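Shown next: start.cif, containing mmCIF, C-alpha atoms.
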```
data_work
loop_
_atom_site.group_PDB
_atom_site.id
_atom_site.type_symbol
_atom_site.label_atom_id
_atom_site.label_comp_id
_atom_site.auth_asym_id
_atom_site.auth_seq_id
_atom_site.Cartn_x
_atom_site.Cartn_y
_atom_site.Cartn_z
ATOM 1 C CA MET J 6 61.600 -30.881 -62.151
ATOM 2 C CA ALA J 7 61.316 -27.689 -64.211
ATOM 3 C CA LEU J 8 62.130 -24.411 -62.455
ATOM 4 C CA SER J 9 60.136 -21.236 -62.952
ATOM 5 C CA LEU J 10 61.862 -17.840 -63.067
ATOM 6 C CA PHE J 11 60.723 -14.942 -60.895
ATOM 7 C CA ALA J 12 61.893 -11.399 -60.208
ATOM 8 C CA LEU J 13 62.011 -9.492 -56.921
ATOM 9 C CA THR J 14 61.451 -5.786 -57.525
ATOM 10 C CA SER J 15 61.536 -2.502 -55.631
ATOM 11 C CA ASN J 16 57.944 -1.792 -56.697
ATOM 12 C CA PRO J 17 55.682 -2.258 -53.645
ATOM 13 C CA SER J 18 52.642 -2.980 -55.817
ATOM 14 C CA SER J 19 54.448 -5.693 -57.811
ATOM 15 C CA ARG J 20 57.071 -6.983 -55.409
ATOM 16 C CA VAL J 21 57.248 -10.473 -56.958
ATOM 17 C CA VAL J 22 56.582 -11.161 -60.629
ATOM 18 C CA LYS J 23 57.074 -14.127 -62.935
ATOM 19 C CA PHE J 24 58.720 -14.496 -66.340
ATOM 20 C CA GLU J 25 56.601 -16.340 -68.892
ATOM 21 C CA ILE J 26 59.127 -18.567 -70.682
ATOM 22 C CA SER J 27 58.855 -21.296 -73.284
ATOM 23 C CA ALA J 28 59.201 -24.967 -72.346
ATOM 24 C CA SER J 29 62.539 -25.289 -74.139
ATOM 25 C CA VAL J 30 64.005 -22.234 -72.402
ATOM 26 C CA GLN J 31 62.651 -23.455 -69.058
ATOM 27 C CA ALA J 32 64.380 -26.819 -69.501
ATOM 28 C CA GLU J 33 67.707 -25.195 -70.346
ATOM 29 C CA LEU J 34 67.324 -22.664 -67.544
ATOM 30 C CA THR J 35 66.619 -25.437 -65.037
ATOM 31 C CA GLU J 36 69.817 -27.282 -65.937
ATOM 32 C CA TYR J 37 71.783 -24.011 -65.899
ATOM 33 C CA LEU J 38 70.574 -22.992 -62.416
ATOM 34 C CA LYS J 39 70.897 -26.457 -60.898
ATOM 35 C CA GLU J 40 74.569 -26.486 -61.939
ATOM 36 C CA GLN J 41 74.981 -23.126 -60.221
ATOM 37 C CA GLU J 42 73.318 -24.478 -57.094
ATOM 38 C CA GLN J 43 75.751 -27.402 -57.009
ATOM 39 C CA ARG J 44 78.754 -25.055 -57.206
ATOM 40 C CA PHE J 45 77.241 -22.708 -54.617
ATOM 41 C CA ASP J 46 76.711 -25.542 -52.125
ATOM 42 C CA GLU J 47 80.343 -26.684 -52.243
ATOM 43 C CA ALA J 48 81.201 -24.659 -49.111
ATOM 44 C CA GLN J 49 81.933 -26.979 -46.182
ATOM 45 C CA GLU J 50 81.583 -24.626 -43.210
ATOM 46 C CA GLU J 51 78.831 -22.163 -42.351
ATOM 47 C CA ILE J 52 79.830 -18.953 -40.552
ATOM 48 C CA ASP J 53 77.211 -16.910 -38.669
ATOM 49 C CA PHE J 54 77.095 -13.465 -40.241
ATOM 50 C CA ASP J 55 78.108 -10.542 -38.009
ATOM 51 C CA GLY J 56 78.947 -7.905 -40.609
ATOM 52 C CA LYS J 57 82.700 -8.218 -40.112
ATOM 53 C CA TYR J 58 83.986 -11.666 -41.015
ATOM 54 C CA LYS J 59 84.925 -12.323 -44.642
ATOM 55 C CA PRO J 60 84.609 -15.995 -45.595
ATOM 56 C CA GLU J 61 87.667 -17.954 -46.629
ATOM 57 C CA PRO J 62 87.596 -20.623 -49.364
ATOM 58 C CA GLY J 63 85.313 -23.433 -48.223
ATOM 59 C CA GLU J 64 83.307 -21.132 -45.925
ATOM 60 C CA ILE J 65 79.955 -19.418 -46.440
ATOM 61 C CA LEU J 66 78.101 -16.767 -44.430
ATOM 62 C CA CYS J 67 74.632 -17.500 -43.098
ATOM 63 C CA ILE J 68 71.803 -15.750 -41.276
ATOM 64 C CA ASN J 69 69.462 -17.983 -39.312
ATOM 65 C CA GLY J 70 65.880 -16.868 -38.844
ATOM 66 C CA TYR J 71 65.752 -14.630 -41.912
ATOM 67 C CA ASP J 72 62.178 -13.458 -42.448
ATOM 68 C CA ASP J 73 60.875 -13.932 -46.010
ATOM 69 C CA ILE J 74 58.746 -10.780 -45.867
ATOM 70 C CA ASP J 75 58.601 -10.521 -49.668
ATOM 71 C CA GLY J 76 56.817 -13.855 -50.053
ATOM 72 C CA LEU J 77 59.349 -15.599 -52.284
ATOM 73 C CA GLU J 78 58.407 -19.012 -50.892
ATOM 74 C CA SER J 79 54.717 -18.391 -51.562
ATOM 75 C CA ALA J 80 55.488 -17.524 -55.184
ATOM 76 C CA ILE J 81 57.359 -20.807 -55.693
ATOM 77 C CA ARG J 82 54.579 -22.843 -54.056
ATOM 78 C CA ALA J 83 51.862 -21.182 -56.158
ATOM 79 C CA PRO J 84 53.452 -19.779 -59.337
ATOM 80 C CA LEU J 85 50.162 -19.584 -61.240
ATOM 81 C CA GLY J 86 49.001 -16.843 -58.892
ATOM 82 C CA VAL J 87 52.004 -14.585 -59.570
ATOM 83 C CA GLU J 88 51.525 -11.726 -62.024
ATOM 84 C CA PRO J 89 53.753 -11.705 -65.108
ATOM 85 C CA VAL J 90 56.694 -9.376 -65.676
ATOM 86 C CA SER J 91 55.758 -6.216 -67.532
ATOM 87 C CA PRO J 92 57.979 -6.238 -70.662
ATOM 88 C CA ASP J 93 59.034 -2.596 -70.590
ATOM 89 C CA GLU J 94 62.279 -0.895 -69.673
ATOM 90 C CA ASP J 95 60.949 1.136 -66.745
ATOM 91 C CA PHE J 96 59.722 -2.015 -65.026
ATOM 92 C CA PHE J 97 62.956 -3.890 -65.668
ATOM 93 C CA LEU J 98 64.841 -1.077 -63.937
ATOM 94 C CA GLU J 99 62.954 -1.948 -60.745
ATOM 95 C CA ILE J 100 64.224 -5.547 -60.632
ATOM 96 C CA LYS J 101 66.572 -6.243 -57.699
ATOM 97 C CA ALA J 102 66.943 -10.006 -58.015
ATOM 98 C CA LEU J 103 66.066 -13.036 -60.095
ATOM 99 C CA PHE J 104 65.035 -16.152 -58.210
ATOM 100 C CA THR J 105 63.693 -19.633 -58.582
ATOM 101 C CA GLY J 106 63.210 -22.582 -56.269
ATOM 102 C CA TYR J 107 61.696 -25.952 -55.560
ATOM 103 C CA GLU J 108 60.333 -28.136 -52.769
ATOM 104 C CA THR J 109 62.945 -30.359 -51.140
ATOM 105 C CA GLU J 110 62.383 -33.946 -50.023
ATOM 106 C CA ALA J 111 61.910 -32.605 -46.483
ATOM 107 C CA GLY J 112 59.019 -30.435 -47.672
ATOM 108 C CA ALA J 113 60.846 -27.123 -47.373
ATOM 109 C CA ILE J 114 61.216 -24.613 -50.210
ATOM 110 C CA LYS J 115 64.780 -23.905 -51.335
ATOM 111 C CA ILE J 116 65.112 -20.537 -53.057
ATOM 112 C CA LEU J 117 67.998 -19.778 -55.429
ATOM 113 C CA LEU J 118 68.781 -16.091 -55.921
ATOM 114 C CA GLN J 119 70.836 -13.942 -58.257
ATOM 115 C CA ASN J 120 71.520 -10.279 -57.719
ATOM 116 C CA PHE J 121 70.237 -8.221 -60.673
ATOM 117 C CA ASP J 122 71.370 -4.814 -61.901
ATOM 118 C CA ARG J 123 70.926 -2.632 -64.948
ATOM 119 C CA ARG J 124 73.893 -4.143 -66.734
ATOM 120 C CA LYS J 125 71.910 -7.371 -67.168
ATOM 121 C CA ILE J 126 69.127 -5.670 -69.120
ATOM 122 C CA ILE J 127 69.092 -6.160 -72.878
ATOM 123 C CA SER J 128 67.615 -2.768 -73.634
ATOM 124 C CA THR J 129 65.314 -1.565 -76.380
ATOM 125 C CA ASN J 130 67.183 1.722 -76.141
ATOM 126 C CA GLY J 131 69.341 1.148 -79.207
ATOM 127 C CA LEU J 132 69.887 -1.794 -81.543
ATOM 128 C CA SER J 133 70.718 -5.113 -79.840
ATOM 129 C CA ILE J 134 71.915 -7.999 -82.016
ATOM 130 C CA PHE J 135 72.965 -11.606 -81.421
ATOM 131 C CA HIS J 136 74.929 -14.158 -83.422
ATOM 132 C CA ALA J 137 73.125 -17.181 -84.872
ATOM 133 C CA ASN J 138 73.644 -19.291 -87.995
ATOM 134 C CA ASN J 139 76.740 -17.329 -89.034
ATOM 135 C CA VAL J 140 74.969 -13.960 -89.049
ATOM 136 C CA TYR J 141 73.937 -11.342 -86.491
ATOM 137 C CA LYS J 142 70.216 -10.904 -85.982
ATOM 138 C CA LYS J 143 68.254 -8.180 -84.273
ATOM 139 C CA ILE J 144 66.877 -8.874 -80.798
ATOM 140 C CA GLU J 145 63.165 -8.117 -80.846
ATOM 141 C CA GLY J 146 61.907 -6.704 -77.574
ATOM 142 C CA ILE J 147 63.484 -6.231 -74.168
ATOM 143 C CA GLY J 148 65.432 -9.049 -72.497
ATOM 144 C CA ILE J 149 67.721 -10.008 -69.643
ATOM 145 C CA THR J 150 70.928 -11.916 -69.102
ATOM 146 C CA VAL J 151 70.773 -14.634 -66.432
ATOM 147 C CA ASP J 152 74.078 -14.580 -64.566
ATOM 148 C CA HIS J 153 76.464 -17.540 -64.342
ATOM 149 C CA LYS J 154 76.411 -17.849 -60.538
ATOM 150 C CA LEU J 155 74.066 -17.633 -57.573
ATOM 151 C CA THR J 156 74.257 -14.810 -55.045
ATOM 152 C CA ALA J 157 72.392 -16.512 -52.195
ATOM 153 C CA THR J 158 70.053 -19.310 -51.191
ATOM 154 C CA LEU J 159 67.201 -19.244 -48.684
ATOM 155 C CA GLU J 160 65.835 -22.423 -47.129
ATOM 156 C CA ALA J 161 63.811 -22.874 -43.937
ATOM 157 C CA GLY J 162 64.738 -19.384 -42.746
ATOM 158 C CA LYS J 163 68.476 -19.797 -43.389
ATOM 159 C CA LEU J 164 69.965 -17.255 -45.785
ATOM 160 C CA LYS J 165 73.375 -18.321 -47.139
ATOM 161 C CA PHE J 166 75.710 -16.110 -49.166
ATOM 162 C CA TYR J 167 79.363 -15.433 -49.905
ATOM 163 C CA SER J 168 79.216 -11.674 -50.504
ATOM 164 C CA PHE J 169 77.374 -9.366 -48.144
ATOM 165 C CA HIS J 170 77.792 -6.482 -50.585
ATOM 166 C CA THR J 171 75.835 -8.158 -53.391
ATOM 167 C CA THR J 172 73.282 -9.795 -51.088
ATOM 168 C CA ARG J 173 72.291 -6.541 -49.436
ATOM 169 C CA GLN J 174 71.463 -5.143 -52.867
ATOM 170 C CA MET J 175 68.596 -7.656 -52.865
ATOM 171 C CA PHE J 176 67.560 -7.605 -49.204
ATOM 172 C CA ASP J 177 67.627 -5.132 -46.327
ATOM 173 C CA LEU J 178 70.107 -6.784 -43.963
ATOM 174 C CA SER J 179 70.636 -3.782 -41.698
ATOM 175 C CA GLU J 180 69.193 -5.509 -38.633
ATOM 176 C CA TYR J 181 71.642 -8.390 -38.978
ATOM 177 C CA TYR J 182 74.976 -6.584 -38.923
ATOM 178 C CA LYS J 183 76.562 -4.835 -35.963
ATOM 179 C CA VAL J 184 77.546 -1.183 -35.891
ATOM 180 C CA ALA J 185 81.254 -0.528 -35.551
ATOM 181 C CA THR J 186 82.566 -0.472 -31.995
ATOM 182 C CA ASP J 187 85.221 2.002 -30.855
ATOM 183 C CA ASP J 188 87.841 -0.650 -31.607
ATOM 184 C CA ASP J 189 86.399 -1.137 -35.105
ATOM 185 C CA VAL J 190 86.563 2.611 -35.716
ATOM 186 C CA PHE J 191 90.186 2.686 -34.556
ATOM 187 C CA GLU J 192 90.944 -0.249 -36.879
ATOM 188 C CA PHE J 193 89.322 1.604 -39.788
ATOM 189 C CA LEU J 194 91.526 4.628 -39.133
ATOM 190 C CA GLN J 195 94.635 2.438 -39.216
ATOM 191 C CA VAL J 196 94.043 1.276 -42.797
ATOM 192 C CA ASP J 197 96.975 2.240 -45.016
ATOM 193 C CA GLN J 198 94.736 4.100 -47.467
ATOM 194 C CA ILE J 199 93.303 6.399 -44.765
ATOM 195 C CA GLN J 200 94.867 9.612 -43.433
ATOM 196 C CA SER J 201 96.162 9.442 -39.860
ATOM 197 C CA VAL J 202 93.910 11.555 -37.652
ATOM 198 C CA ASP J 203 93.212 11.958 -33.947
ATOM 199 C CA SER J 204 91.109 8.887 -33.137
ATOM 200 C CA HIS J 205 89.279 10.446 -30.220
ATOM 201 C CA GLU J 206 88.330 13.552 -32.187
ATOM 202 C CA PHE J 207 87.032 11.265 -34.940
ATOM 203 C CA LEU J 208 84.908 9.386 -32.391
ATOM 204 C CA ASP J 209 83.118 12.650 -31.597
ATOM 205 C CA MET J 210 81.760 12.602 -35.171
ATOM 206 C CA ALA J 211 81.060 8.853 -35.193
ATOM 207 C CA ASP J 212 77.328 8.641 -34.591
ATOM 208 C CA SER J 213 75.392 5.416 -35.293
ATOM 209 C CA TRP J 214 75.081 6.253 -39.023
ATOM 210 C CA VAL J 215 78.845 6.739 -39.354
ATOM 211 C CA ARG J 216 79.506 3.513 -37.458
ATOM 212 C CA ARG J 217 77.138 1.506 -39.670
ATOM 213 C CA LYS J 218 78.844 2.842 -42.783
ATOM 214 C CA ILE J 219 82.265 1.988 -41.390
ATOM 215 C CA SER J 220 81.101 -1.587 -40.773
ATOM 216 C CA LEU J 221 79.831 -1.843 -44.346
ATOM 217 C CA ILE J 222 83.016 -0.377 -45.829
ATOM 218 C CA GLN J 223 85.140 -2.803 -43.818
ATOM 219 C CA GLN J 224 82.958 -5.698 -44.944
ATOM 220 C CA SER J 225 83.126 -4.718 -48.615
ATOM 221 C CA GLY J 226 86.925 -4.415 -48.683
ATOM 222 C CA ILE J 227 86.671 -1.538 -51.150
ATOM 223 C CA LEU J 228 89.677 0.265 -49.648
ATOM 224 C CA GLN J 229 91.857 -2.763 -50.321
ATOM 225 C CA TYR J 230 90.500 -3.674 -53.753
ATOM 226 C CA VAL J 231 89.786 -0.404 -55.575
ATOM 227 C CA PRO J 232 92.810 1.722 -56.601
ATOM 228 C CA LEU J 233 92.865 5.241 -55.221
ATOM 229 C CA HIS J 234 92.988 6.830 -58.690
ATOM 230 C CA GLU J 235 89.732 5.055 -59.618
ATOM 231 C CA MET J 236 88.068 6.362 -56.454
ATOM 232 C CA LYS J 237 89.218 9.891 -57.271
ATOM 233 C CA ALA J 238 87.880 9.676 -60.808
ATOM 234 C CA ALA J 239 84.503 8.414 -59.614
ATOM 235 C CA ALA J 240 84.313 11.097 -56.903
ATOM 236 C CA ILE J 241 84.941 13.813 -59.489
ATOM 237 C CA ASP J 242 82.227 12.309 -61.686
ATOM 238 C CA PHE J 243 79.728 12.533 -58.834
ATOM 239 C CA ASN J 244 80.950 15.845 -57.372
ATOM 240 C CA ILE J 245 81.750 14.167 -54.035
ATOM 241 C CA PRO J 246 84.203 15.775 -51.579
ATOM 242 C CA PHE J 247 87.239 13.521 -51.889
ATOM 243 C CA GLU J 248 90.545 15.025 -50.822
ATOM 244 C CA THR J 249 93.827 13.156 -50.764
ATOM 245 C CA VAL J 250 96.958 14.022 -48.822
ATOM 246 C CA ASN J 251 100.575 12.937 -48.960
ATOM 247 C CA GLU J 252 101.547 10.932 -45.923
ATOM 248 C CA GLY J 253 104.968 9.348 -45.645
ATOM 249 C CA GLY J 254 105.448 9.589 -49.393
ATOM 250 C CA SER J 255 102.129 7.893 -50.176
ATOM 251 C CA GLU J 256 98.845 9.391 -51.333
ATOM 252 C CA VAL J 257 96.015 8.577 -48.925
ATOM 253 C CA ILE J 258 92.356 9.534 -48.489
ATOM 254 C CA GLY J 259 91.941 12.708 -46.465
ATOM 255 C CA ILE J 260 89.443 12.569 -43.603
ATOM 256 C CA PRO J 261 87.077 15.591 -43.454
ATOM 257 C CA ASP J 262 86.990 17.503 -40.176
ATOM 258 C CA ASN J 263 83.218 18.025 -40.287
ATOM 259 C CA LYS J 264 80.432 15.477 -40.050
ATOM 260 C CA SER J 265 78.593 16.506 -43.211
ATOM 261 C CA ASP J 266 81.561 15.938 -45.544
ATOM 262 C CA LEU J 267 82.573 12.833 -43.580
ATOM 263 C CA LYS J 268 79.154 11.285 -44.223
ATOM 264 C CA LYS J 269 79.361 12.118 -47.921
ATOM 265 C CA LEU J 270 82.757 10.432 -48.093
ATOM 266 C CA LEU J 271 81.584 7.321 -46.222
ATOM 267 C CA ARG J 272 78.455 7.049 -48.332
ATOM 268 C CA PHE J 273 80.632 7.245 -51.426
ATOM 269 C CA LEU J 274 83.021 4.555 -50.120
ATOM 270 C CA ASP J 275 80.024 2.358 -49.340
ATOM 271 C CA GLU J 276 79.115 2.690 -53.038
ATOM 272 C CA ASP J 277 75.751 4.342 -52.478
ATOM 273 C CA TYR J 278 76.428 6.300 -55.654
ATOM 274 C CA TYR J 279 76.079 4.997 -59.164
ATOM 275 C CA LYS J 280 75.586 6.235 -62.696
ATOM 276 C CA SER J 281 72.616 4.897 -64.607
ATOM 277 C CA PRO J 282 74.018 3.302 -67.781
ATOM 278 C CA LEU J 283 70.775 4.133 -69.561
ATOM 279 C CA SER J 284 70.181 7.775 -68.664
ATOM 280 C CA LYS J 285 73.786 8.672 -67.757
ATOM 281 C CA THR J 286 72.284 10.406 -64.708
ATOM 282 C CA ASN J 287 73.874 10.339 -61.253
ATOM 283 C CA PHE J 288 71.793 9.057 -58.348
ATOM 284 C CA VAL J 289 72.076 8.332 -54.633
ATOM 285 C CA THR J 290 70.818 4.766 -54.364
ATOM 286 C CA ASN J 291 68.880 4.921 -51.105
ATOM 287 C CA SER J 292 66.566 7.640 -52.421
ATOM 288 C CA LYS J 293 67.243 7.796 -56.186
ATOM 289 C CA GLN J 294 67.749 11.499 -55.574
ATOM 290 C CA LEU J 295 69.570 13.311 -58.358
ATOM 291 C CA VAL J 296 73.122 14.256 -57.389
ATOM 292 C CA SER J 297 73.956 17.927 -57.833
ATOM 293 C CA GLU J 298 76.009 18.674 -60.932
ATOM 294 C CA GLN J 299 77.410 21.943 -59.534
#
```

Show me this structure written as structure tokens.
Amino acid sequence: MALSLFALTSNPSSRVVKFEISASVQAELTEYLKEQEQRFDEAQEEIDFDGKYKPEPGEILCINGYDDIDGLESAIRAPLGVEPVSPDEDFFLEIKALFTGYETEAGAIKILLQNFDRRKIISTNGLSIFHANNVYKKIEGIGITVDHKLTATLEAGKLKFYSFHTTRQMFDLSEYYKVATDDDVFEFLQVDQIQSVDSHEFLDMADSWVRRKISLIQQSGILQYVPLHEMKAAAIDFNIPFETVNEGGSEVIGIPDNKSDLKKLLRFLDEDYYKSPLSKTNFVTNSKQLVSEQ
């Protein structure tokens, strides 16, 4: 069984496209992805996703009844009808995920997905070379790197994944996670990296948008995993309000006392900001709006 390779894009007129690959590459790719599938499926226990629980070793998150609105299954069933990938840099920048799949013995389609970002593009913007036969040769044309692990699988309406953060870069999962409750907000304010503030005054600013962001930040674990000095450096780079205060001898993130700056801070902590490695331009990811360089 040889697997085809498709891309899911953000382009509404070309949502699903197919890579035209040689037979030899397809055979190697099939073996490569099937090994990834085997490792991905090693989890023993499925946990229903609620936007809060982080899976332990041997556990995997799942969403039952996920709607394949992008038509990934249809592409795998009828690959000849899928338009080919346009081999230019602008189009590659629209790719959100790579995927493949096959029909199981039960007749269902199992889809294997990898999150895709700009770092996986082998760009024509510059000189790309590779090593072969003891010398480095020039790479002709644009290319991609296929990652070494799967991000998610989708089979019979069941979406399985380990990381919500990477999976939501491929799919809109907003309807599947819960907004933060009052208790969740209080828990967020108790994190060691956050300034101590009046919880009830904070709740007055915590509309549904704020609560959704808090849920996402808690799920990502960014406050626990990213050092404060790295956050500060990134905030300066993007001109984001990011104040720190000394509390009990430790530097912590200051909480703005107005909703506008609070939302900017939460959006930053939810990693809605990035710098394009190609254009070196700052964007807000939900709109691709240029960030002010004031």

Exercise. Name the residues that the PyMOL selection byres ((chain J and resi 229) around 12) pulls out of this structure, and write them as a PyMOL selection string.
Key: chain J and resi 193+196-199+222-228+230-233+236+274

Do you know which residues the PyMOL selection byres ((chain J and resi 96) around 12) returns on this file, as a short mmCIF file (atom, residue, chain, number, x, y, z; two decimals) with C-alpha atoms, keeping the file's coordinate frame?
```
data_model
loop_
_atom_site.label_atom_id
_atom_site.label_comp_id
_atom_site.auth_asym_id
_atom_site.auth_seq_id
_atom_site.Cartn_x
_atom_site.Cartn_y
_atom_site.Cartn_z
CA ALA J 12 61.89 -11.40 -60.21
CA LEU J 13 62.01 -9.49 -56.92
CA THR J 14 61.45 -5.79 -57.52
CA SER J 15 61.54 -2.50 -55.63
CA ASN J 16 57.94 -1.79 -56.70
CA SER J 18 52.64 -2.98 -55.82
CA SER J 19 54.45 -5.69 -57.81
CA ARG J 20 57.07 -6.98 -55.41
CA VAL J 21 57.25 -10.47 -56.96
CA VAL J 22 56.58 -11.16 -60.63
CA PRO J 89 53.75 -11.70 -65.11
CA VAL J 90 56.69 -9.38 -65.68
CA SER J 91 55.76 -6.22 -67.53
CA PRO J 92 57.98 -6.24 -70.66
CA ASP J 93 59.03 -2.60 -70.59
CA GLU J 94 62.28 -0.90 -69.67
CA ASP J 95 60.95 1.14 -66.74
CA PHE J 97 62.96 -3.89 -65.67
CA LEU J 98 64.84 -1.08 -63.94
CA GLU J 99 62.95 -1.95 -60.74
CA ILE J 100 64.22 -5.55 -60.63
CA LYS J 101 66.57 -6.24 -57.70
CA ARG J 123 70.93 -2.63 -64.95
CA ILE J 126 69.13 -5.67 -69.12
CA SER J 128 67.61 -2.77 -73.63
CA ILE J 147 63.48 -6.23 -74.17
CA GLY J 148 65.43 -9.05 -72.50
#
```

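Once the PyMOL selection byres ((chain J and resi 186) around 10) is applied to the depicted file, the selected set reads Lys183, Val184, Ala185, Asp187, Asp188, Asp189, Val190, Phe191, Glu192, Ala211, Ser213, Arg216, Arg217, Ile219 and Ser220 of chain J.
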
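As for CA of Tyr181 (chain J) and CA of Phe11 (chain J), they are spaced 25.3 Å apart.
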
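For the pair CA of Lys154 (chain J) and CA of Gln43 (chain J), the separation is 10.2 Å.
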
Write out as a PDB file with C-alpha atoms, in the frame of the given file the residues lying within 12 Å of Leu77 (chain J), counting only C-alpha atoms and excluding same-chain residues fewer than 6 positions away.
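That gives us part32.pdb:
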```pdb
ATOM      1  CA  LEU J  10      61.862 -17.840 -63.067  1.00  0.00           C
ATOM      2  CA  PHE J  11      60.723 -14.942 -60.895  1.00  0.00           C
ATOM      3  CA  ALA J  12      61.893 -11.399 -60.208  1.00  0.00           C
ATOM      4  CA  LEU J  13      62.011  -9.492 -56.921  1.00  0.00           C
ATOM      5  CA  THR J  14      61.451  -5.786 -57.525  1.00  0.00           C
ATOM      6  CA  ARG J  20      57.071  -6.983 -55.409  1.00  0.00           C
ATOM      7  CA  VAL J  21      57.248 -10.473 -56.958  1.00  0.00           C
ATOM      8  CA  VAL J  22      56.582 -11.161 -60.629  1.00  0.00           C
ATOM      9  CA  LYS J  23      57.074 -14.127 -62.935  1.00  0.00           C
ATOM     10  CA  ALA J  83      51.862 -21.182 -56.158  1.00  0.00           C
ATOM     11  CA  PRO J  84      53.452 -19.779 -59.337  1.00  0.00           C
ATOM     12  CA  VAL J  87      52.004 -14.585 -59.570  1.00  0.00           C
ATOM     13  CA  ALA J 102      66.943 -10.006 -58.015  1.00  0.00           C
ATOM     14  CA  LEU J 103      66.066 -13.036 -60.095  1.00  0.00           C
ATOM     15  CA  PHE J 104      65.035 -16.152 -58.210  1.00  0.00           C
ATOM     16  CA  THR J 105      63.693 -19.633 -58.582  1.00  0.00           C
ATOM     17  CA  GLY J 106      63.210 -22.582 -56.269  1.00  0.00           C
ATOM     18  CA  TYR J 107      61.696 -25.952 -55.560  1.00  0.00           C
ATOM     19  CA  ILE J 114      61.216 -24.613 -50.210  1.00  0.00           C
ATOM     20  CA  LYS J 115      64.780 -23.905 -51.335  1.00  0.00           C
ATOM     21  CA  ILE J 116      65.112 -20.537 -53.057  1.00  0.00           C
ATOM     22  CA  LEU J 117      67.998 -19.778 -55.429  1.00  0.00           C
ATOM     23  CA  LEU J 118      68.781 -16.091 -55.921  1.00  0.00           C
ATOM     24  CA  THR J 158      70.053 -19.310 -51.191  1.00  0.00           C
ATOM     25  CA  LEU J 159      67.201 -19.244 -48.684  1.00  0.00           C
ATOM     26  CA  GLU J 160      65.835 -22.423 -47.129  1.00  0.00           C
ATOM     27  CA  ALA J 161      63.811 -22.874 -43.937  1.00  0.00           C
ATOM     28  CA  GLY J 162      64.738 -19.384 -42.746  1.00  0.00           C
ATOM     29  CA  PHE J 176      67.560  -7.605 -49.204  1.00  0.00           C
TER      30      PHE J 176
END
```

Quiz item: Which of these residues is nearest to Asn263 (chain J), using only C-alpha atoms: J:Leu38, J:Met210, J:Leu155, J:Leu178?
Solution: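 Residue with the minimum atom-to-atom distance to Asn263 (chain J): J:Met210.
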
Quiz prompt | J:Pro246, J:Gly146, J:Gly253, J:Gly76 ranked by distance to Gly131 (chain J), top pick (using only C-alpha atoms) | solution =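 When distances to Gly131 (chain J) are compared using only C-alpha atoms, the smallest one comes from J:Gly146.
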
Practice problem: Using all atoms listed in the file, find the one residue out of J:Met6, J:Ala48, J:Ala113, J:Leu270 that sits nearest to Glu78 (chain J). | Solution: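 Looking at the shortest contact to Glu78 (chain J), the residue is J:Ala113.
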
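Nearest residue to Ser27 (chain J), choosing from J:Asn139, J:Ala7, J:Glu248, J:Arg44 and counting only C-alpha atoms: J:Ala7.
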
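Rounded to one decimal, CA of Lys39 (chain J) and CA of Val151 (chain J) lie 13.1 Å from each other.
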
Quiz item: Which is closest to Asp75 (chain J) among J:Gly112, J:Pro60, J:Pro261, J:Pro17, if we use only C-alpha atoms?
Solution: J:Pro17

Quiz item: Which is closer to Tyr71 (chain J) than all the others in J:Phe54, J:Glu47, J:Ser201, J:Tyr37, using all atoms listed in the file?
Solution: J:Phe54

Self-check item: Local residues around (70.2, -19.6, -39.7), at most 7 Å away, using only C-alpha atoms, as a list in words
Solution: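 Checking each residue against the 7 Å limit leaves Cys67, Ile68, Asn69, Gly70, Gly162, Lys163 and Leu164 of chain J.
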
So that all listed atoms of region 23-35 of chain J fit with 5 Å spare on each side, what axis-aligned box centre and edge lengths in Å, to one decimal, would you give as AutoDock Vina command-line options?
```
--center_x 62.2 --center_y -20.5 --center_z -68.5 --size_x 21.1 --size_y 22.7 --size_z 21.2
```

Atom completion result for region 51-59 of chain J (N, CA and C atoms) as a CSV table (one decimal), keeping the file's coordinate frame:
```
chain,number,residue,atom,x,y,z
J,51,GLU,N,79.7,-23.3,-42.4
J,51,GLU,CA,78.8,-22.2,-42.4
J,51,GLU,C,79.3,-21.2,-41.2
J,52,ILE,N,79.4,-19.9,-41.5
J,52,ILE,CA,79.8,-19.0,-40.6
J,52,ILE,C,78.7,-18.0,-40.3
J,53,ASP,N,78.3,-17.8,-39.0
J,53,ASP,CA,77.2,-16.9,-38.7
J,53,ASP,C,77.6,-15.5,-39.0
J,54,PHE,N,76.8,-14.8,-39.8
J,54,PHE,CA,77.1,-13.5,-40.2
J,54,PHE,C,77.0,-12.5,-39.1
J,55,ASP,N,78.1,-11.6,-39.0
J,55,ASP,CA,78.1,-10.5,-38.0
J,55,ASP,C,78.5,-9.2,-38.6
J,56,GLY,N,78.6,-9.2,-40.0
J,56,GLY,CA,78.9,-7.9,-40.6
J,56,GLY,C,80.4,-7.6,-40.7
J,57,LYS,N,81.3,-8.5,-40.2
J,57,LYS,CA,82.7,-8.2,-40.1
J,57,LYS,C,83.5,-9.3,-40.8
J,58,TYR,N,83.2,-10.6,-40.5
J,58,TYR,CA,84.0,-11.7,-41.0
J,58,TYR,C,83.8,-11.9,-42.5
J,59,LYS,N,84.9,-12.0,-43.2
J,59,LYS,CA,84.9,-12.3,-44.6
J,59,LYS,C,85.3,-13.8,-44.8
```
